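Below is the file upload_19.csv, which contains CSV, C-alpha atoms.
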chain,number,residue,atom,x,y,z
A,24,MET,CA,24.1,-67.7,45.7
A,25,GLU,CA,23.9,-64.0,44.9
A,26,LYS,CA,22.3,-63.1,41.6
A,27,LYS,CA,24.7,-62.3,38.8
A,28,THR,CA,22.8,-59.8,36.9
A,29,PHE,CA,21.6,-56.3,37.8
A,30,VAL,CA,18.7,-55.3,35.6
A,31,LYS,CA,17.1,-52.0,34.7
A,32,LYS,CA,14.4,-52.5,37.3
A,33,GLU,CA,16.9,-52.8,40.1
A,34,LEU,CA,18.6,-49.7,38.8
A,35,ILE,CA,15.3,-47.9,39.1
A,36,GLN,CA,14.8,-49.3,42.6
A,37,GLU,CA,18.2,-48.1,43.7
A,38,LEU,CA,17.5,-44.6,42.5
A,39,GLN,CA,14.1,-44.7,44.1
A,40,SER,CA,15.6,-45.5,47.5
A,41,LYS,CA,18.1,-42.7,47.0
A,42,TYR,CA,15.5,-40.2,46.0
A,43,PRO,CA,12.6,-40.9,48.4
A,44,LYS,CA,11.1,-37.5,47.7
A,45,ILE,CA,10.5,-38.1,44.0
A,46,LEU,CA,7.5,-40.2,42.9
A,47,ASN,CA,8.6,-43.7,42.1
A,48,ALA,CA,6.7,-43.6,38.8
A,49,ASP,CA,8.5,-40.4,37.8
A,50,ILE,CA,11.9,-42.0,38.5
A,51,GLU,CA,11.0,-45.0,36.4
A,52,LYS,CA,9.8,-42.7,33.5
A,53,THR,CA,13.0,-40.7,33.7
A,54,VAL,CA,15.3,-43.7,33.6
A,55,GLU,CA,13.3,-45.1,30.7
A,56,SER,CA,13.6,-41.9,28.8
A,57,ILE,CA,17.3,-41.6,29.4
A,58,PHE,CA,18.0,-44.9,27.7
A,59,LYS,CA,15.4,-44.2,25.0
A,60,TYR,CA,17.1,-40.9,24.3
A,61,LEU,CA,20.5,-42.5,24.2
A,62,SER,CA,19.4,-45.1,21.7
A,63,ASN,CA,17.6,-42.6,19.6
A,64,GLN,CA,20.7,-40.4,19.4
A,65,LEU,CA,22.9,-43.4,18.5
A,66,ALA,CA,20.4,-44.3,15.8
A,67,SER,CA,20.6,-40.8,14.3
A,68,GLY,CA,24.4,-41.2,14.2
A,69,HIS,CA,25.4,-39.2,17.2
A,70,ASN,CA,28.1,-40.3,19.7
A,71,VAL,CA,27.4,-40.8,23.3
A,72,GLU,CA,30.3,-39.7,25.5
A,73,ILE,CA,29.8,-40.0,29.2
A,74,ARG,CA,32.8,-38.8,31.1
A,75,GLY,CA,34.0,-41.2,33.7
A,76,PHE,CA,32.0,-44.0,32.1
A,77,GLY,CA,32.6,-44.5,28.4
A,78,MET,CA,31.8,-43.8,24.9
A,79,LEU,CA,29.3,-45.4,22.5
A,80,LYS,CA,29.5,-44.8,18.8
A,81,THR,CA,28.0,-46.4,15.7
A,82,LYS,CA,30.3,-47.8,13.1
A,83,THR,CA,29.4,-48.9,9.6
A,84,THR,CA,30.8,-52.1,8.4
A,85,LYS,CA,31.6,-52.5,4.7
A,86,PRO,CA,29.6,-54.8,2.5
A,87,ARG,CA,31.5,-58.0,1.9
A,88,THR,CA,31.2,-61.4,0.3
A,89,ALA,CA,31.2,-64.2,2.8
A,90,ARG,CA,31.0,-67.9,2.4
A,91,ASN,CA,28.7,-70.3,3.9
A,92,PRO,CA,31.2,-72.7,5.5
A,93,LYS,CA,29.0,-75.7,5.0
A,94,SER,CA,28.1,-75.4,1.4
A,95,GLY,CA,30.9,-73.2,0.2
A,96,GLU,CA,28.3,-70.9,-1.4
A,97,SER,CA,29.2,-67.2,-1.4
A,98,VAL,CA,26.7,-64.8,0.3
A,99,GLU,CA,26.6,-61.1,-0.1
A,100,VAL,CA,26.7,-59.5,3.4
A,101,PRO,CA,25.3,-55.9,3.1
A,102,ALA,CA,26.8,-52.9,5.0
A,103,LYS,CA,25.6,-52.8,8.6
A,104,ARG,CA,25.9,-50.5,11.5
A,105,LYS,CA,27.1,-51.7,14.8
A,106,ILE,CA,27.8,-50.2,18.1
A,107,SER,CA,31.3,-49.8,19.4
A,108,TRP,CA,32.1,-49.2,23.0
A,109,LYS,CA,35.1,-47.7,24.6
A,110,SER,CA,35.3,-47.5,28.4
A,111,SER,CA,36.8,-44.3,29.8
A,112,LYS,CA,40.2,-44.3,31.4
A,113,LEU,CA,38.6,-43.5,34.7
A,114,LEU,CA,36.3,-46.4,34.5
A,115,ASN,CA,39.3,-48.7,33.7
A,116,ILE,CA,41.0,-47.5,36.8
A,117,ASN,CA,37.9,-47.7,38.8
A,118,ILE,CA,37.0,-51.2,37.8
A,119,ASN,CA,40.4,-52.4,38.9
A,120,GLU,CA,40.3,-51.0,42.4
A,121,LYS,CA,39.2,-53.2,45.2
A,122,ILE,CA,35.8,-52.6,46.7
A,123,ASN,CA,36.2,-50.8,50.0
A,124,ASN,CA,33.4,-52.3,52.0
B,115,MET,CA,23.2,-35.4,7.2
B,116,SER,CA,23.3,-33.2,10.2
B,117,LYS,CA,26.5,-32.7,12.2
B,118,VAL,CA,27.6,-35.5,14.4
B,119,GLU,CA,27.0,-34.5,18.0
B,120,ASN,CA,28.5,-35.8,21.1
B,121,ILE,CA,25.9,-36.6,23.6
B,122,THR,CA,27.3,-35.8,27.0
B,123,ARG,CA,26.2,-35.8,30.6
B,124,GLN,CA,25.0,-32.3,30.1
B,125,LYS,CA,22.4,-33.4,27.6
B,126,LEU,CA,21.1,-36.0,30.1
B,127,TYR,CA,21.0,-33.3,32.8
B,128,ASP,CA,18.7,-31.3,30.5
B,129,LEU,CA,16.6,-34.3,29.9
B,130,VAL,CA,16.1,-35.0,33.6
B,131,PHE,CA,15.4,-31.4,34.1
B,132,GLN,CA,12.5,-31.6,31.6
B,133,GLU,CA,11.3,-34.9,33.1
B,134,LEU,CA,11.5,-34.1,36.8
B,135,GLY,CA,11.8,-30.3,37.0
B,136,LEU,CA,14.3,-30.5,39.8
B,137,SER,CA,16.9,-27.9,40.4
B,138,LYS,CA,19.9,-28.1,38.0
B,139,ILE,CA,22.1,-29.5,40.7
B,140,SER,CA,19.7,-32.3,41.6
B,141,CYS,CA,19.4,-33.2,38.0
B,142,SER,CA,23.1,-33.6,37.5
B,143,ALA,CA,23.2,-35.6,40.8
B,144,PHE,CA,20.5,-37.9,39.5
B,145,VAL,CA,22.3,-38.7,36.3
B,146,ASP,CA,25.6,-39.1,38.1
B,147,THR,CA,24.0,-41.5,40.7
B,148,LEU,CA,22.6,-43.6,37.8
B,149,PHE,CA,26.0,-44.1,36.3
B,150,ASP,CA,27.7,-44.6,39.7
B,151,SER,CA,25.1,-47.3,40.4
B,152,ILE,CA,26.0,-49.1,37.2
B,153,ILE,CA,29.7,-48.9,38.0
B,154,VAL,CA,29.3,-50.1,41.6
B,155,ASN,CA,27.4,-53.1,40.4
B,156,LEU,CA,29.9,-53.9,37.7
B,157,LYS,CA,32.6,-53.8,40.3
B,158,LYS,CA,30.7,-56.3,42.3
B,159,GLY,CA,31.1,-58.6,39.3
B,160,LYS,CA,27.5,-58.3,38.2
B,161,LYS,CA,26.3,-57.9,34.6
B,162,VAL,CA,24.3,-54.8,34.2
B,163,LYS,CA,21.5,-55.5,31.8
B,164,ILE,CA,19.4,-52.6,30.5
B,165,ALA,CA,16.5,-54.0,28.7
B,166,LEU,CA,16.0,-52.7,25.1
B,167,PHE,CA,19.5,-51.1,25.3
B,168,GLY,CA,22.3,-53.4,26.1
B,169,THR,CA,24.4,-55.2,28.7
B,170,PHE,CA,27.5,-54.0,30.4
B,171,SER,CA,29.8,-56.6,31.9
B,172,LYS,CA,33.1,-56.9,33.5
B,173,LYS,CA,35.7,-59.3,32.1
B,174,SER,CA,39.0,-60.3,33.6
B,175,LYS,CA,41.9,-60.3,31.2
B,176,LYS,CA,44.8,-62.7,31.9
B,177,SER,CA,48.3,-61.3,32.0
B,178,ARG,CA,50.1,-61.7,28.7
B,179,VAL,CA,53.4,-60.7,27.1
B,180,GLY,CA,53.1,-57.5,25.1
B,181,ARG,CA,55.6,-55.6,23.1
B,182,ASN,CA,56.3,-52.0,22.9
B,183,PRO,CA,56.0,-51.5,19.1
B,184,LYS,CA,58.5,-48.7,19.1
B,185,THR,CA,61.3,-50.1,21.2
B,186,LYS,CA,60.4,-53.8,20.6
B,187,GLU,CA,60.9,-54.2,24.3
B,188,GLU,CA,59.0,-57.1,25.8
B,189,LYS,CA,56.9,-56.5,28.8
B,190,THR,CA,54.2,-58.4,30.7
B,191,ILE,CA,50.8,-56.8,30.6
B,192,SER,CA,49.4,-57.6,34.0
B,193,SER,CA,46.0,-59.2,34.4
B,194,ARG,CA,43.2,-56.6,34.6
B,195,ASN,CA,39.5,-56.1,34.4
B,196,VAL,CA,37.8,-54.5,31.5
B,197,VAL,CA,34.2,-53.4,30.9
B,198,THR,CA,32.5,-54.6,27.8
B,199,PHE,CA,29.2,-53.6,26.2
B,200,LYS,CA,26.9,-55.7,24.1
B,201,ALA,CA,24.1,-53.9,22.4
B,202,SER,CA,20.6,-55.4,22.6
B,203,LYS,CA,19.0,-56.9,19.5
B,204,LEU,CA,16.5,-54.0,19.6
B,205,LEU,CA,19.2,-51.4,19.6
B,206,ILE,CA,21.0,-53.0,16.7
B,207,LYS,CA,17.7,-53.1,14.8
B,208,LYS,CA,17.1,-49.5,15.6
B,209,ILE,CA,20.4,-48.2,14.4
B,210,ASN,CA,20.1,-50.1,11.2
B,211,ARG,CA,16.7,-48.8,10.4
B,212,PHE,CA,17.9,-45.2,10.0
B,213,ASN,CA,19.8,-44.2,6.8
B,214,ALA,CA,19.4,-47.8,5.6
Produce structure tokens that represent the structure in this file.
Amino acid sequence: MEKKTFVKKELIQELQSKYPKILNADIEKTVESIFKYLSNQLASGHNVEIRGFGMLKTKTTKPRTARNPKSGESVEVPAKRKISWKSSKLLNININEKINN
Amino acid sequence: MSKVENITRQKLYDLVFQELGLSKISCSAFVDTLFDSIIVNLKKGKKVKIALFGTFSKKSKKSRVGRNPKTKEEKTISSRNVVTFKASKLLIKKINRFNA
């Protein structure tokens, strides 16, 4: 059966085969720094908007009182930041098209 | 806090330019190829897992009956695919470390 996951390493390999003239190590370094850059920017509160792909944002949840369902004890849940993702309209169309090959 | 910026493809082009020093056109092609490759693999039904960042995956939604909130008209929303993203534990940790 074909593998179900496509990992970063394979992404790097695909780029390496498409760019034979660039050193493999340089491609790897570049891909790593792209994702590192994106996560750093998200961490500093910026939004990532890749046209034709999607948008990543951080959202802050409010602090709330939750309950431990087992003991009924109330627990304070502090405010947290989480990532929200919205796929672009183009990606939504794209993902619903049939593959042509 | 500094102004919230939108990080666009342009910023990534500049980053690739710094890293690889290719022509501007090749830099944009490189970034576009990267995202195209992610999309192609999502279309194949694969999960795209970027270690230390997160996982993109395709989910199929079943068709359901929706309602136009304005006209109250009922309509079937056809089954379709959507792309979801789940941030890695490391990324969640990272975004919670800043302005904690």
Inset, instruction - For B:Leu148, list every protein, DNA or RNA residue within 8 Å, evaluated using all atoms listed in the file, and leave out those in the same chain fewer than 3 positions away; present the list as a ChimeraX atom specification. - result: /A:34,38 /B:144-145,151-152
Legend entry - Nearest to A:Asn117, chosen from B:Leu126, B:Val196, B:Ile139, B:Ile191, with only C-alpha atoms counted in the distances: B:Val196
Legend entry - From A:Thr81, A:Leu61, A:Asn115, A:Ser97, residue lying nearest B:Ile206 [only C-alpha atoms]: A:Thr81
Legend entry - Distance filter 6 Å, only C-alpha atoms, chain B against chain A, as a list of chain:residue names: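 Here they are: B:Val118, B:Glu119, B:Asn120, B:Ile121, B:Thr122, B:Arg123, B:Lys157, B:Lys160, B:Lys161, B:Val162, B:Lys163, B:Ile164, B:Asn195, B:Ile209, B:Asn210.
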Inset, instruction - For atom CA of B:Leu166 and atom CA of B:Leu134, determine how far apart the two atoms are, in Å to one decimal place. - result: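 Between atom CA of B:Leu166 and atom CA of B:Leu134 the gap works out to 22.4 Å.
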Legend entry - Between atom CA of A:Ala89 and atom CA of A:Pro101, distance in Å (one decimal):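 Atom-to-atom, atom CA of A:Ala89 to atom CA of A:Pro101, that is 10.2 Å.
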Inset, instruction - Measure the distance from atom CA of B:Ser140 to atom CA of B:Phe170 in Å and round it to one decimal. - result: 25.6 Å
Inset, instruction - Find the residues around stretch 174-176 of chain B up to 8 Å (only C-alpha atoms counted), leave out those fewer than 2 positions away in its own chain, and share them as a list in words. - result: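 The neighbour list is Lys172, Arg178, Ser192, Ser193, Arg194, Asn195 and Val196 of chain B.
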Inset, instruction - Go through B:Lys138, B:Lys200, B:Lys189, B:Arg181 one by one, measure the shortest atom-to-atom distance of each to B:Thr169 using all atoms listed in the file, and give the residue with the smallest value. - result: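 Checking each of B:Lys138, B:Lys200, B:Lys189, B:Arg181 against B:Thr169, counting all atoms listed in the file, the winner is B:Lys200.
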Take stretch 172-186 of chain B, model N, CA, C and O atoms, and hand the result over as a PDB file, in the coordinates of the input.
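File produced: result.pdb:
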ATOM      1  N   LYS B 172      31.715 -56.990  33.199  1.00  0.00           N
ATOM      2  CA  LYS B 172      33.100 -56.900  33.500  1.00  0.00           C
ATOM      3  C   LYS B 172      33.788 -58.205  33.100  1.00  0.00           C
ATOM      4  O   LYS B 172      33.247 -59.275  33.333  1.00  0.00           O
ATOM      5  N   LYS B 173      34.925 -58.080  32.462  1.00  0.00           N
ATOM      6  CA  LYS B 173      35.700 -59.300  32.100  1.00  0.00           C
ATOM      7  C   LYS B 173      37.060 -59.189  32.662  1.00  0.00           C
ATOM      8  O   LYS B 173      37.651 -58.115  32.691  1.00  0.00           O
ATOM      9  N   SER B 174      37.582 -60.319  33.113  1.00  0.00           N
ATOM     10  CA  SER B 174      39.000 -60.300  33.600  1.00  0.00           C
ATOM     11  C   SER B 174      39.864 -60.765  32.475  1.00  0.00           C
ATOM     12  O   SER B 174      39.602 -61.768  31.823  1.00  0.00           O
ATOM     13  N   LYS B 175      40.884 -59.988  32.249  1.00  0.00           N
ATOM     14  CA  LYS B 175      41.900 -60.300  31.200  1.00  0.00           C
ATOM     15  C   LYS B 175      43.053 -60.992  31.910  1.00  0.00           C
ATOM     16  O   LYS B 175      43.517 -60.500  32.939  1.00  0.00           O
ATOM     17  N   LYS B 176      43.553 -62.051  31.325  1.00  0.00           N
ATOM     18  CA  LYS B 176      44.800 -62.700  31.900  1.00  0.00           C
ATOM     19  C   LYS B 176      45.971 -61.837  31.534  1.00  0.00           C
ATOM     20  O   LYS B 176      45.958 -61.073  30.574  1.00  0.00           O
ATOM     21  N   SER B 177      47.034 -62.047  32.302  1.00  0.00           N
ATOM     22  CA  SER B 177      48.300 -61.300  32.000  1.00  0.00           C
ATOM     23  C   SER B 177      48.881 -61.973  30.729  1.00  0.00           C
ATOM     24  O   SER B 177      48.742 -63.170  30.493  1.00  0.00           O
ATOM     25  N   ARG B 178      49.500 -61.163  29.912  1.00  0.00           N
ATOM     26  CA  ARG B 178      50.100 -61.700  28.700  1.00  0.00           C
ATOM     27  C   ARG B 178      51.357 -60.858  28.385  1.00  0.00           C
ATOM     28  O   ARG B 178      51.554 -59.765  28.928  1.00  0.00           O
ATOM     29  N   VAL B 179      52.170 -61.399  27.478  1.00  0.00           N
ATOM     30  CA  VAL B 179      53.400 -60.700  27.100  1.00  0.00           C
ATOM     31  C   VAL B 179      53.050 -59.754  25.949  1.00  0.00           C
ATOM     32  O   VAL B 179      52.556 -60.175  24.915  1.00  0.00           O
ATOM     33  N   GLY B 180      53.315 -58.498  26.144  1.00  0.00           N
ATOM     34  CA  GLY B 180      53.100 -57.500  25.100  1.00  0.00           C
ATOM     35  C   GLY B 180      54.437 -56.979  24.643  1.00  0.00           C
ATOM     36  O   GLY B 180      55.465 -57.250  25.239  1.00  0.00           O
ATOM     37  N   ARG B 181      54.392 -56.205  23.581  1.00  0.00           N
ATOM     38  CA  ARG B 181      55.600 -55.600  23.100  1.00  0.00           C
ATOM     39  C   ARG B 181      55.433 -54.167  22.824  1.00  0.00           C
ATOM     40  O   ARG B 181      54.411 -53.771  22.262  1.00  0.00           O
ATOM     41  N   ASN B 182      56.352 -53.396  23.213  1.00  0.00           N
ATOM     42  CA  ASN B 182      56.300 -52.000  22.900  1.00  0.00           C
ATOM     43  C   ASN B 182      56.653 -51.888  21.368  1.00  0.00           C
ATOM     44  O   ASN B 182      57.756 -52.225  20.966  1.00  0.00           O
ATOM     45  N   PRO B 183      55.724 -51.457  20.547  1.00  0.00           N
ATOM     46  CA  PRO B 183      56.000 -51.500  19.100  1.00  0.00           C
ATOM     47  C   PRO B 183      57.111 -50.570  18.667  1.00  0.00           C
ATOM     48  O   PRO B 183      57.732 -50.782  17.630  1.00  0.00           O
ATOM     49  N   LYS B 184      57.402 -49.594  19.459  1.00  0.00           N
ATOM     50  CA  LYS B 184      58.500 -48.700  19.100  1.00  0.00           C
ATOM     51  C   LYS B 184      59.828 -49.199  19.458  1.00  0.00           C
ATOM     52  O   LYS B 184      60.735 -49.218  18.632  1.00  0.00           O
ATOM     53  N   THR B 185      59.967 -49.652  20.685  1.00  0.00           N
ATOM     54  CA  THR B 185      61.300 -50.100  21.200  1.00  0.00           C
ATOM     55  C   THR B 185      61.464 -51.602  21.046  1.00  0.00           C
ATOM     56  O   THR B 185      62.537 -52.127  21.306  1.00  0.00           O
ATOM     57  N   LYS B 186      60.394 -52.321  20.680  1.00  0.00           N
ATOM     58  CA  LYS B 186      60.400 -53.800  20.600  1.00  0.00           C
ATOM     59  C   LYS B 186      60.672 -54.471  21.914  1.00  0.00           C
ATOM     60  O   LYS B 186      60.938 -55.660  21.973  1.00  0.00           O
TER      61      LYS B 186
END
